[in-house]
Amino acid sequence: MLVIPCPYCGPRPELEFRYGGEAHIARPEDPSTLDDEAWGAFLYLRSNPKGLHAERWRHIHGCARYFNVVRDTISDTILASYKVGEAKPDMDALARILAGGPRAAAGEEKSK
Amino acid sequence: MVETAIRTGALDALSARAPAIAAASLRTCPPASRFNFRGRPEAFGPAGEAFGVALPQTACRAASESGRHALWLGPDEWLLIAGDGEAAEIAAKMESALAGLPHSLVEVSHRNTALEIEGSHAADVINSGCPLDLSAKAFPVGMCTRTIFHKAEIVLWRIAENRFRLEVWRSFAAYVWAQLEEARREYGA
Ligand SMILES: [Zn+2]
């Protein structure tokens, strides 16, 4: 089971959480000006990276808040956890931490 | 013919047959008045003052004052517990103190039922269905949180070193009780 650090409650077991998809997807301010393709991209196109991924989680069986996590999709290592509204962390810096960390083997499979 | 509604506790029948196990004794708590309070920071102070317990601002902490309890559930959400039959008075007092401040105050007195588990193996019994670290360091006395017990959401509150209160949704209560009962029998005499 993953241990996910909630920015409000601290480290908690995965089963208290629900996944919320990719983070930092802003809803277009004026949807009526978008063509179908652009609207479809907002709704459905996601980056799906092999490596670091900024994603939303909800601590539904805890404080019930949404927050953001940066997770390595290869090793499931969680490198950052931050509140909604806070800036996305420096992903390159996190990638360097991952490469040098205890799970370096998993992290090094992916070099971009 | 006058019909009188008789309210029975969700666990009355089960608790009547519970064996005495000192290392993990299980009992139901008396009926209580309960509210779920949510609001903006401007409302936290007046809400606590009107309720009679300052709402704890520290994550996962409970505060008590003269038989009333405020349990932190989220950064803008608390579970308020008071004596049975006090709900109307509390609601009126809080609503007048919070006039003009956006908030929600929902009475959930009968949504929940509460039980307590006490004894040297109380934490072990809870850990049979809840993976939280319940060591005194990670989960000290006064800590409370929503969490999961087996498949049911509960609010877990450590009242004393070996004593926990579980706030359970009424419809989940028999399930939670049965799981606790099964786990604690391991520690029976
Ligand atoms: Zn949380």
# chains A, B, ... in the order shown; residues from 1 in each chain; ligands from 1

$ residues_near_ligand --ligand "ligand 1" --cutoff "9 Å" --atoms "only C-alpha atoms and all ligand atoms" --output "PyMOL selection string"
(chain A and resi 5-12+16-17+58-67) or (chain B and resi 59-60+73-75+145-146)

$ select_by_dssp --residues "segment 126-183 of chain B" --states "strand (DSSP E or B)" --output "ChimeraX atom specification"
/B:143-149,152-160,163-169

$ closest_atom_pairs --of "chain B" --to "chain A" --cutoff "12 Å" --atoms "only C-alpha atoms" --output "tab-separated table"
residue	atom	partner	partner_atom	distance
B:Arg38	CA	A:Cys63	CA	12.0
B:Gln57	CA	A:Tyr8	CA	11.1
B:Thr58	CA	A:Tyr8	CA	9.3
B:Ala59	CA	A:Cys9	CA	6.1
B:Cys60	CA	A:Cys9	CA	6.8
B:Arg61	CA	A:Cys9	CA	10.3
B:Leu71	CA	A:Cys63	CA	11.5
B:Trp72	CA	A:Cys63	CA	8.6
B:Leu73	CA	A:Cys63	CA	5.4
B:Gly74	CA	A:Cys63	CA	4.1
B:Pro75	CA	A:Cys63	CA	7.1
B:Asp76	CA	A:Cys63	CA	9.0
B:Glu77	CA	A:Cys63	CA	8.1
B:Trp78	CA	A:Cys63	CA	9.8
B:Leu79	CA	A:Cys63	CA	11.6
B:Gly129	CA	A:Leu15	CA	11.5
B:Cys130	CA	A:Pro13	CA	9.1
B:Pro131	CA	A:Pro13	CA	6.7
B:Leu132	CA	A:Pro13	CA	7.0
B:Asp133	CA	A:Arg12	CA	9.0
B:Leu134	CA	A:Arg12	CA	11.9
B:Ala138	CA	A:Gly10	CA	10.3
B:Phe139	CA	A:Gly10	CA	11.5
B:Met143	CA	A:Cys9	CA	11.0
B:Cys144	CA	A:Gly62	CA	10.0
B:Thr145	CA	A:Gly62	CA	6.3
B:Arg146	CA	A:Gly62	CA	4.6
B:Thr147	CA	A:His61	CA	5.1
B:Ile148	CA	A:Glu16	CA	6.5
B:Phe149	CA	A:Glu16	CA	10.1
B:His150	CA	A:Leu15	CA	10.1
B:Lys151	CA	A:Leu15	CA	9.7
B:Ala152	CA	A:His61	CA	9.5
B:Glu153	CA	A:His61	CA	6.5
B:Ile154	CA	A:His61	CA	8.3
B:Val155	CA	A:Gly62	CA	8.8
B:Leu156	CA	A:Gly62	CA	10.4

$ select_by_dssp --residues "segment 56-95 of chain A" --states "helix (DSSP H, G or I)" --output "PyMOL selection string"
chain A and resi 91-95

$ write_last_selection --atoms "C-alpha atoms" --output "PDB file, in the first residue's frame"
ATOM      1  CA  MET A  91       9.993  18.981 -11.808  1.00  0.00           C
ATOM      2  CA  ASP A  92      13.614  18.894 -13.026  1.00  0.00           C
ATOM      3  CA  ALA A  93      14.879  19.378  -9.479  1.00  0.00           C
ATOM      4  CA  LEU A  94      12.601  16.578  -8.287  1.00  0.00           C
ATOM      5  CA  ALA A  95      13.847  14.334 -11.081  1.00  0.00           C
TER       6      ALA A  95
END

$ closest_residue --among "A:Glu29, A:Glu37, A:Glu55, A:Glu22" --to "Ser81 of chain A" --atoms "only C-alpha atoms"
A:Glu55

$ atom_distance --atom1 "atom CA of Phe164 of chain B" --atom2 "atom CA of Glu49 of chain B"
26.4 Å

$ residues_around --residues "segment 43-54 of chain A" --least-positions-apart "3" --cutoff "6 Å" --atoms "only C-alpha atoms" --output "list in words"
Ala23, Gly40, Val69, Val70, Arg71, Asp72, Thr73 and Ile74 of chain A

$ closest_residue --among "B:Ala174, B:Glu167, B:Ala47, B:Val53" --to "Pro102 of chain B" --atoms "only C-alpha atoms"
B:Ala47

$ atom_distance --atom1 "atom CA of Ala24 of chain B" --atom2 "atom CA of Arg184 of chain B"
6.0 Å

$ residues_around --residues "segment 86-98 of chain B" --least-positions-apart "5" --cutoff "10 Å" --atoms "only C-alpha atoms" --output "compact mmCIF listing (two decimals) with C-alpha atoms, in the first residue's frame"
# COMPACT_ATOMS: atom_id res chain seq x y z
CA ALA B 32 -25.45 12.59 21.94
CA SER B 33 -26.16 15.77 20.04
CA ARG B 34 -23.86 16.14 17.06
CA PHE B 35 -23.17 18.77 14.43
CA GLY B 39 -17.02 27.70 7.63
CA GLU B 42 -13.86 34.46 10.22
CA ALA B 43 -16.50 32.04 11.53
CA PHE B 44 -14.16 29.75 13.50
CA GLY B 45 -13.92 32.03 16.55
CA PRO B 46 -17.62 32.90 16.98
CA ALA B 47 -18.60 29.27 16.29
CA GLY B 48 -16.33 27.95 19.03
CA GLU B 49 -17.43 30.64 21.46
CA ALA B 50 -21.11 29.90 20.90
CA PHE B 51 -20.59 26.15 21.14
CA GLY B 52 -18.50 26.47 24.28
CA ILE B 81 -20.46 16.55 20.14
CA HIS B 103 -20.97 28.65 7.12
CA SER B 104 -22.82 25.38 7.29
CA LEU B 105 -24.07 23.80 10.49
CA VAL B 106 -25.72 20.43 9.99
CA GLU B 107 -27.20 18.43 12.80
CA VAL B 108 -26.05 14.81 12.55
CA SER B 109 -27.05 13.62 16.03

$ residues_around --residues "Glu86 of chain A" --least-positions-apart "3" --cutoff "10 Å" --atoms "only C-alpha atoms" --output "CSV table (one decimal) with all heavy atoms, in the first residue's frame"
chain,number,residue,atom,x,y,z
A,67,PHE,N,-5.7,17.8,-2.9
A,67,PHE,CA,-4.3,18.4,-2.9
A,67,PHE,C,-3.6,17.7,-4.1
A,67,PHE,O,-4.1,16.9,-4.8
A,67,PHE,CB,-3.6,18.1,-1.6
A,67,PHE,CG,-3.4,16.7,-1.3
A,67,PHE,CD1,-2.2,16.0,-1.5
A,67,PHE,CD2,-4.5,15.9,-0.7
A,67,PHE,CE1,-2.1,14.7,-1.2
A,67,PHE,CE2,-4.3,14.6,-0.4
A,67,PHE,CZ,-3.1,14.0,-0.7
A,68,ASN,N,-2.3,18.2,-4.3
A,68,ASN,CA,-1.5,17.7,-5.4
A,68,ASN,C,-0.3,16.9,-4.9
A,68,ASN,O,0.2,17.2,-3.9
A,68,ASN,CB,-1.1,18.9,-6.3
A,68,ASN,CG,-2.3,19.6,-6.9
A,68,ASN,OD1,-3.3,19.0,-7.3
A,68,ASN,ND2,-2.1,20.9,-7.1
A,82,TYR,N,1.5,19.0,-2.1
A,82,TYR,CA,1.3,20.4,-1.8
A,82,TYR,C,-0.2,20.8,-2.0
A,82,TYR,O,-1.0,20.0,-2.6
A,82,TYR,CB,2.2,21.3,-2.7
A,82,TYR,CG,2.1,20.9,-4.2
A,82,TYR,CD1,1.4,21.7,-5.1
A,82,TYR,CD2,2.7,19.8,-4.7
A,82,TYR,CE1,1.3,21.4,-6.4
A,82,TYR,CE2,2.7,19.5,-6.0
A,82,TYR,CZ,2.0,20.3,-6.9
A,82,TYR,OH,1.9,20.0,-8.2
A,83,LYS,N,-0.6,21.9,-1.4
A,83,LYS,CA,-2.0,22.3,-1.3
A,83,LYS,C,-2.4,22.8,-2.7
A,83,LYS,O,-1.6,23.4,-3.4
A,83,LYS,CB,-2.3,23.3,-0.3
A,83,LYS,CG,-2.0,22.8,1.2
A,83,LYS,CD,-2.2,23.9,2.2
A,83,LYS,CE,-1.8,23.3,3.6
A,83,LYS,NZ,-1.8,24.3,4.6
A,89,PRO,N,5.8,22.3,-8.2
A,89,PRO,CA,7.2,22.3,-7.9
A,89,PRO,C,8.1,22.2,-9.2
A,89,PRO,O,7.6,21.8,-10.2
A,89,PRO,CB,7.4,21.0,-7.0
A,89,PRO,CG,6.1,20.4,-6.8
A,89,PRO,CD,5.1,21.1,-7.8

$ atom_distance --atom1 "atom CA of Ala22 of chain B" --atom2 "atom CA of Gly188 of chain B"
7.6 Å
